[in-house]
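Undergrad: I have a structure I would like to understand better, so I am pasting it below and will then ask my questions one at a time.
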Amino acid sequence: MEVQEIEHRELPRLWELPPQRVIEDGLRRIRGSGTVYKVMLLISAVCAIVGIIAFIVGPISSGWNDRQAWTYVAITFGILMCTIGSAPCFSVCLRMVRGHWRRPVNRLAEIWAIGMIVPLILFFFLLGILPDTVGRSSFWFGWPVSPYLWDSVMMVALVICGYGFLYVGALPDMAIARDQIEGEGGGIFTRLSRGFRGTLYDWQIIDRAQGILGAFYVLLYVGSMTVIAGDFIEALVPGDNSAIFPAQYTIEGLEAGIAVTIFAMGIMRYLGGLDEYLEAEQFFAAAKLQLALGLLYFYTHWTEFIIWWYGRTPREVALLKIFYFEPYFWLFCVAFATMFLSPLFILVWTRVRMGIVGPWVTSGLVLVGIIIDNIRLYSASFSTPNIYLQELSTIPKAYVPGVTDILLAVGLLGGAVGVCLLGFKLVPYPSIWEVTAGIYLRVRRKYLKTEVVLIGKPN
C-alpha cells in the first residue's frame, strides 16, 4: 500500500467518479458523435483528399528516378514515425512503472497506432527510390536483398505489433460496449470482443499479452527508426557514417511521441469534455518525461556535433555545413530552440510544470520542432546528387518546397490524424476498465488528525 496525504486539497475528481459514470463517458463517442468531432473528421477527410491528389500530381508523376521530388513524402513519413509511431512507446513506459496517474493517458497514447497504416504505405513508395547497397555506403554489409527486405520486415512487424497492442488493451472495453450497446446482437463489438467475459484467465491473458506486445513494440520501434535513419538519411549523404545519429533520431521520436500525447490530452480536455479525467496530475507527470527527453535530445546532438567540430577533416566539415550551418542553419536553430530550449526554460519551473497550460504549450512547440527538424534532415539527404561518392564535395542548395509539396505534407498528415479519429468509434475513450480499476484501488482513511488516501498496488 502507498499512503498519499491530502494537504488541505481535494482528491482529483477522477478518482471519486462512480464506475457507471466512467462507462457512460467511455461509450459516449461510440453511441454518438459531437459537433467538434464531426468538424475535425471532415477537415481531416478534406486534407486527405488534397494530399492524395498532390501525391499523384507531384512525386508519382515525376517517377522514382527523381529523388528530390520525393523529399516531402519522406518528410511526412519521418514526421509520422516520430509522432504517432512513438506515442505507443510512451504507453508502454507508463505501464511498466504502474503509476495510477497514467490510467486516463494510456489509451490516448495507444490509439495513435491506428494511424500507422499511413506511414507504412508511404514507406513502400519510398523504397522505390533507394538503390541497392552495392557500391555505396550502408550498414547492411552486403546482406542479401538489402535494404528492401529487412526494412520492410521491420516496418510491417512494427505496425502489426502496434495494432495488436492497442487491440489487446481495448478488448475489455469492447466487451463492455458489446454488453451495453449491442446486447445479445451480433454487431461489430461482438466480433471484436471474441467472447471476453472477464474471468481470471481472461485477465491473465490480457496482462501477459500487453507486456509482451508492448516490449516488442518498443524494440521494433527502436530498430525501425535505426534503419530509417541509416537508409533514408545517412546513406544518402556521402561520408555520413555517424554511429550516434540513429540513436539521436530515435530519441527525437520518443520526445515527439510524448509531445503528441500531451497535446492530444489538452485538446480532449478542452474540446472533448474530458476535464474530469485529464487534470493537472496527468499533465504534471507527463511533463517531467518531456523535460527529460528534451535534455537527452541536447546530449545526443552535442555528442555528434563535438566530434565533427574538433575532427575538422574535409568530410566532417562538409557534414557540419550541410546539416548545421549553411543551407539549413535557421531550420536547425528553430528545431533546437523548440525541442531543447523550450522544455528546459518552461518545464524546469515546478510551478509551471504543475499546471496544464505550461506542458501543453511546450508539447506544441516540440511538435513544431520535430516538423522543422525532419524538413532539415530529409531536405539535406534527398538533395545530394551523387550518393556513391566517398565524401560530400559540394554542398547542395537548400530545397525550397513548392505548393504541391506543402499540400502533400499537410494533406497526408491530416489524413493520418483522421484515421486516428475514426478509431474513437471502435475504441472507447477513456479506458473504462483501467480508470475503474484505479477508482477501486483508492480509498480515504483517517490518520491521526488528518486524512490520507490509501492506494493499492497490485502485483
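Residues in the C-alpha cells are named by chain (A, B, ... in the order shown) and by number from 1 within that chain; ligands are numbered from 1 in the order shown.
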Could you list, as a PyMOL selection string, every residue within 12 Å of Leu236 in chain A, counting only C-alpha atoms and ignoring same-chain residues fewer than 6 positions away?
TA: chain A and resi 67-68+129-133+136-138+228-230+377-392
Undergrad: Print the selection's residues with N, CA and C atoms to a file, as a PDB file, in the first residue's frame.
TA:
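After the write, part-v5.pdb holds the following:
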```pdb
ATOM      1  N   ARG A  67      14.855  11.690 -57.169  1.00  0.00           N
ATOM      2  CA  ARG A  67      14.759  11.521 -55.717  1.00  0.00           C
ATOM      3  C   ARG A  67      14.304  12.794 -55.021  1.00  0.00           C
ATOM      4  N   GLN A  68      14.715  13.943 -55.518  1.00  0.00           N
ATOM      5  CA  GLN A  68      14.373  15.197 -54.847  1.00  0.00           C
ATOM      6  C   GLN A  68      12.873  15.464 -54.877  1.00  0.00           C
ATOM      7  N   ILE A 129      12.800   4.536 -54.361  1.00  0.00           N
ATOM      8  CA  ILE A 129      13.862   5.477 -54.734  1.00  0.00           C
ATOM      9  C   ILE A 129      15.224   5.052 -54.206  1.00  0.00           C
ATOM     10  N   LEU A 130      15.271   4.005 -53.368  1.00  0.00           N
ATOM     11  CA  LEU A 130      16.545   3.555 -52.811  1.00  0.00           C
ATOM     12  C   LEU A 130      17.207   2.567 -53.760  1.00  0.00           C
ATOM     13  N   PRO A 131      18.447   2.822 -54.170  1.00  0.00           N
ATOM     14  CA  PRO A 131      19.178   1.801 -54.933  1.00  0.00           C
ATOM     15  C   PRO A 131      19.651   0.699 -53.999  1.00  0.00           C
ATOM     16  N   ASP A 132      20.093  -0.414 -54.547  1.00  0.00           N
ATOM     17  CA  ASP A 132      20.636  -1.454 -53.669  1.00  0.00           C
ATOM     18  C   ASP A 132      21.940  -0.960 -53.045  1.00  0.00           C
ATOM     19  N   THR A 133      22.472  -1.745 -52.138  1.00  0.00           N
ATOM     20  CA  THR A 133      23.610  -1.273 -51.339  1.00  0.00           C
ATOM     21  C   THR A 133      24.964  -1.544 -51.994  1.00  0.00           C
ATOM     22  N   ARG A 136      27.908   1.468 -52.522  1.00  0.00           N
ATOM     23  CA  ARG A 136      27.633   2.707 -51.780  1.00  0.00           C
ATOM     24  C   ARG A 136      27.670   2.427 -50.290  1.00  0.00           C
ATOM     25  N   SER A 137      27.700   3.517 -49.515  1.00  0.00           N
ATOM     26  CA  SER A 137      27.762   3.405 -48.066  1.00  0.00           C
ATOM     27  C   SER A 137      26.457   2.830 -47.516  1.00  0.00           C
ATOM     28  N   SER A 138      26.584   1.862 -46.620  1.00  0.00           N
ATOM     29  CA  SER A 138      25.416   1.248 -45.998  1.00  0.00           C
ATOM     30  C   SER A 138      25.876   0.456 -44.788  1.00  0.00           C
ATOM     31  N   ILE A 228      15.625   3.436 -40.608  1.00  0.00           N
ATOM     32  CA  ILE A 228      15.138   4.622 -41.329  1.00  0.00           C
ATOM     33  C   ILE A 228      16.213   5.699 -41.336  1.00  0.00           C
ATOM     34  N   ALA A 229      16.811   5.956 -40.153  1.00  0.00           N
ATOM     35  CA  ALA A 229      17.869   6.963 -40.070  1.00  0.00           C
ATOM     36  C   ALA A 229      19.065   6.581 -40.945  1.00  0.00           C
ATOM     37  N   GLY A 230      19.370   5.281 -40.980  1.00  0.00           N
ATOM     38  CA  GLY A 230      20.518   4.848 -41.761  1.00  0.00           C
ATOM     39  C   GLY A 230      20.267   4.841 -43.254  1.00  0.00           C
ATOM     40  N   LEU A 377      16.512  17.463 -42.103  1.00  0.00           N
ATOM     41  CA  LEU A 377      17.239  16.218 -42.345  1.00  0.00           C
ATOM     42  C   LEU A 377      16.944  15.631 -43.721  1.00  0.00           C
ATOM     43  N   TYR A 378      15.667  15.525 -44.060  1.00  0.00           N
ATOM     44  CA  TYR A 378      15.324  14.880 -45.326  1.00  0.00           C
ATOM     45  C   TYR A 378      15.590  15.789 -46.521  1.00  0.00           C
ATOM     46  N   SER A 379      15.457  17.102 -46.347  1.00  0.00           N
ATOM     47  CA  SER A 379      15.802  18.009 -47.442  1.00  0.00           C
ATOM     48  C   SER A 379      17.279  17.903 -47.777  1.00  0.00           C
ATOM     49  N   ALA A 380      18.124  17.782 -46.740  1.00  0.00           N
ATOM     50  CA  ALA A 380      19.561  17.657 -46.971  1.00  0.00           C
ATOM     51  C   ALA A 380      19.901  16.327 -47.635  1.00  0.00           C
ATOM     52  N   SER A 381      19.323  15.239 -47.136  1.00  0.00           N
ATOM     53  CA  SER A 381      19.696  13.912 -47.656  1.00  0.00           C
ATOM     54  C   SER A 381      19.135  13.662 -49.050  1.00  0.00           C
ATOM     55  N   PHE A 382      17.979  14.203 -49.366  1.00  0.00           N
ATOM     56  CA  PHE A 382      17.379  13.959 -50.671  1.00  0.00           C
ATOM     57  C   PHE A 382      17.869  14.951 -51.738  1.00  0.00           C
ATOM     58  N   SER A 383      18.756  15.869 -51.351  1.00  0.00           N
ATOM     59  CA  SER A 383      19.256  16.863 -52.313  1.00  0.00           C
ATOM     60  C   SER A 383      20.650  16.539 -52.827  1.00  0.00           C
ATOM     61  N   THR A 384      21.321  15.561 -52.255  1.00  0.00           N
ATOM     62  CA  THR A 384      22.673  15.231 -52.703  1.00  0.00           C
ATOM     63  C   THR A 384      22.614  14.543 -54.065  1.00  0.00           C
ATOM     64  N   PRO A 385      23.364  15.018 -55.047  1.00  0.00           N
ATOM     65  CA  PRO A 385      23.229  14.488 -56.413  1.00  0.00           C
ATOM     66  C   PRO A 385      23.825  13.100 -56.613  1.00  0.00           C
ATOM     67  N   ASN A 386      24.919  12.783 -55.930  1.00  0.00           N
ATOM     68  CA  ASN A 386      25.614  11.507 -56.155  1.00  0.00           C
ATOM     69  C   ASN A 386      25.893  10.839 -54.811  1.00  0.00           C
ATOM     70  N   ILE A 387      25.162   9.792 -54.496  1.00  0.00           N
ATOM     71  CA  ILE A 387      25.325   9.144 -53.185  1.00  0.00           C
ATOM     72  C   ILE A 387      26.448   8.114 -53.192  1.00  0.00           C
ATOM     73  N   TYR A 388      27.121   7.927 -54.325  1.00  0.00           N
ATOM     74  CA  TYR A 388      28.182   6.928 -54.422  1.00  0.00           C
ATOM     75  C   TYR A 388      29.562   7.521 -54.122  1.00  0.00           C
ATOM     76  N   LEU A 389      29.642   8.816 -53.855  1.00  0.00           N
ATOM     77  CA  LEU A 389      30.913   9.434 -53.506  1.00  0.00           C
ATOM     78  C   LEU A 389      31.357   9.016 -52.106  1.00  0.00           C
ATOM     79  N   GLN A 390      32.655   9.137 -51.838  1.00  0.00           N
ATOM     80  CA  GLN A 390      33.184   8.813 -50.516  1.00  0.00           C
ATOM     81  C   GLN A 390      32.911   9.925 -49.508  1.00  0.00           C
ATOM     82  N   GLU A 391      32.865  11.141 -49.987  1.00  0.00           N
ATOM     83  CA  GLU A 391      32.525  12.264 -49.115  1.00  0.00           C
ATOM     84  C   GLU A 391      31.896  13.363 -49.961  1.00  0.00           C
ATOM     85  N   LEU A 392      31.213  14.269 -49.285  1.00  0.00           N
ATOM     86  CA  LEU A 392      30.483  15.335 -49.976  1.00  0.00           C
ATOM     87  C   LEU A 392      31.462  16.395 -50.465  1.00  0.00           C
TER      88      LEU A 392
END
```
Undergrad: Might you pull out every residue within 10 Å of range 259-272 of chain A, with only C-alpha atoms counted and same-chain residues fewer than 2 positions away left off, and present them as a PyMOL selection string?
TA: chain A and resi 29+34+36-37+82-84+86-88+90-91+104-112+253-257+274-279+282-283+286-287+289-290+339+356-357+359-367+370
Undergrad: Can you work out which one of A:Met40, A:Leu14, A:Leu421, A:Met354 has the shortest atom-to-atom distance to Arg103 in chain A, counting only C-alpha atoms?
TA: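 Closest to Arg103 in chain A, using only C-alpha atoms: A:Leu14.
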Undergrad: Can you tell me, as a list in words, what residues are no more than 7 Å from range 298-312 of chain A when counting only C-alpha atoms, ignoring any on the same chain fewer than 6 positions away?
TA: Ile244, Gln248, Leu320 and Phe340 of chain A
Undergrad: My list of candidates is A:Val334, A:Val348, A:Leu341, A:Leu407. Which is closest to Lys288 in chain A when distances are computed with only C-alpha atoms?
TA: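 Using only C-alpha atoms, the shortest distance to Lys288 in chain A belongs to A:Val348.
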